[in-house]
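Here's the structure, in structure tokens; my notes come after.
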Amino acid sequence: MIFNAMKLRFAAALVVLLLISACTNVYQTLTPTSQKQDLAKLYGSAAPKPRFLNQKATVEQGLMSYHKDIKPILDSRCVACHACYDAPCQLKLGSSAGIDRGATKQLVYGGGRLEPASPTRLFIDASNTNQWREKDFYPVLNERISSKQAALDNSLLAKLLQLKRSNPLPKTGKLAESFKLKIDDKQECPSVDEFVDYKKKHPDWGMPYAMPGLSLQQEFKIMSWLQEGAKFDAPPSLSAEASRSIEQWERFFNRQSLKQQLVARYIYEHLFIGHLHFKGQSNNEFFRLVRSITPSGEAVKEIASRHPYDDPKVEKFYYRLRRIEETLVEKTHFVYQLSPEKMQRYEALFFQPDYKVTKLPSYQPKVAANPFISFAELPTYARYQFMLDDAHYFVSGFIKGPVCRGQIALGAIRDRFWITFFNPKKTTEHMKMRKDMQVFLAEQFYNLTLPDVEGDQLSLFGYQEYNALAEQYLNHKDEFANQLIKKYGGFKIKDIWDGNGTNKNATLTVFRHFDSATVVQGLVGEPPLTAWVVDYPLFERVHYLLVAGFDVYSGINQQLASRQYMDFLRIDGENNFLRLLPDGQRKKIHDSWYKGLSGKVANYINQAYYSEGYQTGVNYQTKDYKVEFFEQLKQRIDQKKPKKTTCELEACIGALSQSVDPEITQEIIKLQQLKAYEIDALPEMSLLRIRGETDLVYSLMRNKSLKNVAFMVGEGLLGLREKELDTLTVVPGFVGSYPNFFFTVKQTDLPSFIEALRSAKTDQQKNMFYEKYGIRRTNPKIWQQVDWFNSEHKKYRGIRAGLFDLNRYHNL
């Protein structure tokens with residue numbers, strides 16, 4: 001009866017609202033804000049309120065359900081920008097805890113800061129709202145006296161929604177230049193007391209920012225919820241089968257022998273950042289592996305360390321699985337599956353081999369931050385195979401970690417490149433090579449030291465010491481590789497891992513979209529300019545540099561050191577690839593990757609660390625060596641596949657199971673053949689919706705050509721761009737987390753779309769192209785398109801799909 005009455009109340013109110021003129025203030029309960037208010041005088045002092053109710057109390061009091069009525073609105077309209085570390089003003093709206101925490105003027109990404117900032121990770125660095133207030137977060141909900149008027153007058157959320165209602169966007173054309181849409185633009189983060197000045201200064205900056213407003217129905221629901229006191233009902237209970245799985249896995253991770261403890265520590269340091277899912281169970285339940293001071297069966301009390309290898313500073317801690325409460329967003333959502341088979345795999349890798357663990361490594365940074373020292377007693381083969389089994393997950397960690405703004409770090413990689421891995425198989429020859437590698441690694445522990453070991457103590461130019469170590473390692477590795485070639489012959493196709501014929505992680509494609517990136521399974525698109533062949537030391541170092549050892553709150557010294565060191569990791573992977581190409585071609589191919597270098601940068605990048613003078617073991621029949629190498633690799637992998645699939649990209653398997661119209665396929669081929677200035681109108685990453693009998697989705701990736709990627713910044717300033725060499729990769733399904741633009745076109749208009757894109761050279765031609773085929777921020781239908789793309793993405797990728805982030809959506 002209570003809920004029926006609420007529905008009637010909503011319906012009646014909406015009828016009234018729809019009759020109100022657009023120029024009339026819909027919510028007259030909001031006090032006029034043309035002049036500053038003394039909110040404390042009007043409504044008393046502010047303090048966090050008890051907002052969290054159990055389900056019974058919510059129903060008995062006849063209150064709206066946050067999870068059923070409000071959260072779906074916030075997820076579909078607000079989380080698009082307020083989710084990751086780069087959420088404006090750190091206001092994260094994907095959970096009740098984030099809403100209650102509120103906003104702050106502090107920046108997570110302070111590129112020029114000399115000292116590290118205090119971390120402000122939701123759910124980790126404070127356990128209640130009072131603690132967040134002490135960390136300078138201020139409320140967006142009413143925290144003064146309880147009344148309907150106060151609930152809206154003291155709510156920053158209400159005021160920003162109303163500001164958009166009073167000052168809607170134009171419905172056509174580009175947004176005004178007054179809107180700040182670059183990720184490094186200065187943020188405006190007003191508190192409710194400062195809102196009058198904000199409104200006067202930016203009357204068109206209501207929320208959703210730079211997008212059309214909410215519908216009247218959505219707005220009315222939120223305003224009604226605020227007037228009821230903005231209460232949070234309990235989330236859906238954890239399933240019984242998940243509870244059983246948690247108990248089993250926490251028992252596994254907390255076993256007590258030295259070997260068991262060391263293996264658990266190794267697994268934790270690799271899985272801590274991902275979203276863990278129990279295979280075959282609910283699609284809505286994900287977990288993080290954390291260290292807690294409480295054992296299984298008690299509430300998790302997570303240890304808030306900056307890095308997973310930091311000293312926990314307690315005598316006893318436990319590995320626990322903590323439920324993820326936030327809305328899943330594509331930028332940070334990457335899944336690792338736990339299952340009985342996975343537990344058996346751990347047993348086979350780490351516990352069946354005959355070896356001893358004599359002691360546990362300390363948590364001193366010089367040890368703990370160097371995995372080659374801390375985990376030296378675990379078999380190298382087991383560690384490497386553990387990472388290979390889920391290589392897509394681990395490479396995703398480099399990309400989907402807390403680096404929501406990664407342009408400087410991502411400047412170290414190309415716009416598209418392929419990744420393969422050295423073979424860890426147990427053939428007689430490989431067993432001999434593995435023993436040689438063990439000896440070599442033991443000799444290189446010091447040279448493999450990462451700059452993270454110094455933490456906050458690293459000086460501004462401390463990176464130079466670690467660059468020198470990295471250079472020494474490349475030099476010693478080149479000598480070692482030459483010894484292997486003398487002993488066993490040149491590296492061959494069979495030395496590349498084929499995934500044992502079933503594992504789709506054997507080959508990967510990385511796409512860089514300027515300040516974000518994506519990794520997908522398979523070799524997608526035409527053969528790229530560069531490729532990496534990854535071995536265990538390289539794989540492990542990239543993880544500890546960019547995931548386990550990366551601190552988004554660090555100072556410029558650590559950020560600089562990480563970026564500088566990343567050059568050497570890229571070079572290592574590229575040199576492994578060059579060793580598989582003919583000796584006489586390596587320098588020529590290498591030089592095509594690094595044009596226009598001089599000075600100190602050229603000195604270390606142009607060093608021939610690729611077994612110069614030693615021949616490859618790959619037998620080539622043509623002179624197109626890169627293309628032929630990957631053709632041979634594809635043939636080897638395809639021969640072992642149980643059946644051939646028509647789609648190499650994981651994202652599109654299943655969704656495109658029905659045959660695509662051959663006419664569409666032909667047009668997509670024509671689209672992908674566009675290059676250079678023919679694709680000048682496209683941003684780095686956009687989504688194309690083809691309207692037909694069955695709507696289809698394609699991701700359009702513009703691969704920007706650069707003379708080299710040896711500099712941290714200045715693609716434009718340093719003249720590195722080579723637009724005449726730009727290419728386009730068109731992939732069925734979804735690639736990327738931050739779509740820069742949406743295009744929608746009828747199937748019959750696809751040829752016209754392609755021709756219009758090809759011809760769009762001038763600003764006027766581009767404007768006509770965007771106007772006809774694009775979905776601009778001002779388009780009233782943009783939310784309808786956002787909803788459709790998110791819905792289709794879920795169909796395509798299932799549990800691996802998160803909501804798209806619109807922080808990088810361009811104003812074209």
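FYI, nothing fancy with the structure tokens labels: chains A, B, ... in order, residues from 1 per chain, ligands from 1 as they appear.
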
*Mind checking which residues fall within 10 Å of Ala234 (chain A), counting only C-alpha atoms, ignoring those fewer than 3 positions away in the same chain, and posting them as a PyMOL selection string?*
chain A and resi 52-58+65-67+96+231+237

Next, dump the selected residues to file, keeping only N, CA and C atoms, as a compact mmCIF listing (two decimals), in the first residue's frame.
# COMPACT_ATOMS: atom_id res chain seq x y z
N PHE A 52 22.08 5.73 6.84
CA PHE A 52 22.05 4.35 6.39
C PHE A 52 21.02 3.56 7.20
N LEU A 53 20.02 3.05 6.51
CA LEU A 53 18.92 2.32 7.14
C LEU A 53 18.90 0.89 6.65
N ASN A 54 18.36 0.01 7.48
CA ASN A 54 18.15 -1.35 6.99
C ASN A 54 16.87 -1.39 6.16
N GLN A 55 16.66 -2.48 5.47
CA GLN A 55 15.53 -2.57 4.55
C GLN A 55 14.19 -2.43 5.28
N LYS A 56 14.12 -3.01 6.46
CA LYS A 56 12.88 -2.97 7.22
C LYS A 56 12.50 -1.54 7.58
N ALA A 57 13.48 -0.77 8.05
CA ALA A 57 13.21 0.62 8.44
C ALA A 57 12.78 1.46 7.24
N THR A 58 13.39 1.20 6.09
CA THR A 58 13.03 1.95 4.87
C THR A 58 11.57 1.72 4.50
N SER A 65 13.50 4.22 -2.09
CA SER A 65 14.66 3.34 -2.06
C SER A 65 15.79 3.95 -2.87
N TYR A 66 16.91 4.20 -2.21
CA TYR A 66 18.07 4.71 -2.92
C TYR A 66 18.49 3.75 -4.02
N HIS A 67 18.55 2.45 -3.71
CA HIS A 67 19.06 1.48 -4.67
C HIS A 67 18.11 1.25 -5.84
N SER A 96 26.70 4.90 -2.19
CA SER A 96 26.17 5.72 -1.10
C SER A 96 27.30 6.33 -0.28
N LYS A 231 18.07 9.21 2.53
CA LYS A 231 18.41 7.99 3.26
C LYS A 231 18.88 6.90 2.29
N SER A 237 21.46 -8.31 -0.55
CA SER A 237 22.31 -9.20 0.25
C SER A 237 23.22 -10.04 -0.65

_Residues of region 559-645 of chain A in alpha helix (DSSP H), written as a count of residues only_ = 54

Distance table requested - region 265-351 of chain A against region 446-459 of chain A, cut-off 12 Å, only C-alpha atoms: one row per qualifying residue with the closest atom pair and its distance in Å to one decimal, ordered by chain and rising residue number, as JSON lines.
{"residue": "A:Arg306", "atom": "CA", "partner": "A:Gly455", "partner_atom": "CA", "distance": 10.1}
{"residue": "A:His307", "atom": "CA", "partner": "A:Asp452", "partner_atom": "CA", "distance": 9.9}
{"residue": "A:Tyr309", "atom": "CA", "partner": "A:Val453", "partner_atom": "CA", "distance": 10.4}
{"residue": "A:Asp310", "atom": "CA", "partner": "A:Gly455", "partner_atom": "CA", "distance": 10.3}

Same residues, all heavy atoms, saved as a PDB file, in the first residue's frame:
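Result saved to part.pdb:
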ATOM      1  N   ARG A 306      49.824   2.371   0.999  1.00  0.00           N
ATOM      2  CA  ARG A 306      49.908   2.971  -0.338  1.00  0.00           C
ATOM      3  C   ARG A 306      50.167   1.916  -1.403  1.00  0.00           C
ATOM      4  O   ARG A 306      49.677   2.022  -2.523  1.00  0.00           O
ATOM      5  CB  ARG A 306      51.020   4.022  -0.382  1.00  0.00           C
ATOM      6  CG  ARG A 306      50.662   5.343   0.293  1.00  0.00           C
ATOM      7  CD  ARG A 306      51.829   6.310   0.174  1.00  0.00           C
ATOM      8  NE  ARG A 306      51.514   7.608   0.778  1.00  0.00           N
ATOM      9  CZ  ARG A 306      51.134   8.683   0.098  1.00  0.00           C
ATOM     10  NH1 ARG A 306      50.983   8.603  -1.213  1.00  0.00           N
ATOM     11  NH2 ARG A 306      50.878   9.823   0.708  1.00  0.00           N
ATOM     12  N   HIS A 307      50.997   0.930  -1.075  1.00  0.00           N
ATOM     13  CA  HIS A 307      51.355  -0.118  -2.023  1.00  0.00           C
ATOM     14  C   HIS A 307      51.014  -1.476  -1.418  1.00  0.00           C
ATOM     15  O   HIS A 307      50.989  -1.620  -0.186  1.00  0.00           O
ATOM     16  CB  HIS A 307      52.858  -0.087  -2.343  1.00  0.00           C
ATOM     17  CG  HIS A 307      53.365   1.246  -2.772  1.00  0.00           C
ATOM     18  ND1 HIS A 307      54.114   2.066  -1.962  1.00  0.00           N
ATOM     19  CD2 HIS A 307      53.211   1.916  -3.938  1.00  0.00           C
ATOM     20  CE1 HIS A 307      54.413   3.177  -2.612  1.00  0.00           C
ATOM     21  NE2 HIS A 307      53.878   3.115  -3.810  1.00  0.00           N
ATOM     22  N   TYR A 309      52.851  -4.000  -1.234  1.00  0.00           N
ATOM     23  CA  TYR A 309      54.023  -4.608  -0.603  1.00  0.00           C
ATOM     24  C   TYR A 309      54.514  -3.801   0.599  1.00  0.00           C
ATOM     25  O   TYR A 309      55.550  -4.105   1.179  1.00  0.00           O
ATOM     26  CB  TYR A 309      55.160  -4.779  -1.609  1.00  0.00           C
ATOM     27  CG  TYR A 309      55.514  -3.533  -2.385  1.00  0.00           C
ATOM     28  CD1 TYR A 309      56.166  -2.468  -1.775  1.00  0.00           C
ATOM     29  CD2 TYR A 309      55.206  -3.432  -3.733  1.00  0.00           C
ATOM     30  CE1 TYR A 309      56.487  -1.322  -2.483  1.00  0.00           C
ATOM     31  CE2 TYR A 309      55.531  -2.290  -4.454  1.00  0.00           C
ATOM     32  CZ  TYR A 309      56.179  -1.242  -3.822  1.00  0.00           C
ATOM     33  OH  TYR A 309      56.485  -0.102  -4.530  1.00  0.00           O
ATOM     34  N   ASP A 310      53.788  -2.752   0.992  1.00  0.00           N
ATOM     35  CA  ASP A 310      54.177  -1.965   2.162  1.00  0.00           C
ATOM     36  C   ASP A 310      54.010  -2.779   3.442  1.00  0.00           C
ATOM     37  O   ASP A 310      53.146  -3.665   3.530  1.00  0.00           O
ATOM     38  CB  ASP A 310      53.335  -0.694   2.272  1.00  0.00           C
ATOM     39  CG  ASP A 310      53.712   0.347   1.234  1.00  0.00           C
ATOM     40  OD1 ASP A 310      54.782   0.197   0.615  1.00  0.00           O
ATOM     41  OD2 ASP A 310      52.928   1.298   1.032  1.00  0.00           O
TER      42      ASP A 310
END

*Taking into account only C-alpha atoms, which residue in the set A:Asp125, A:Glu315, A:Glu330, A:Asp69 is nearest to Phe232 (chain A)?*
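Closest residue, counting only C-alpha atoms: A:Asp69.
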
_d(CA of Leu720 (chain A), CA of Ile419 (chain A)) in Å_ = 23.9 Å

*With only C-alpha atoms as the basis for distance, which of A:Arg383, A:Pro190, A:Asn603, A:Leu175 is at the shortest distance from His810 (chain A)?*
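The shortest atom-to-atom distance to His810 (chain A) comes from A:Leu175.
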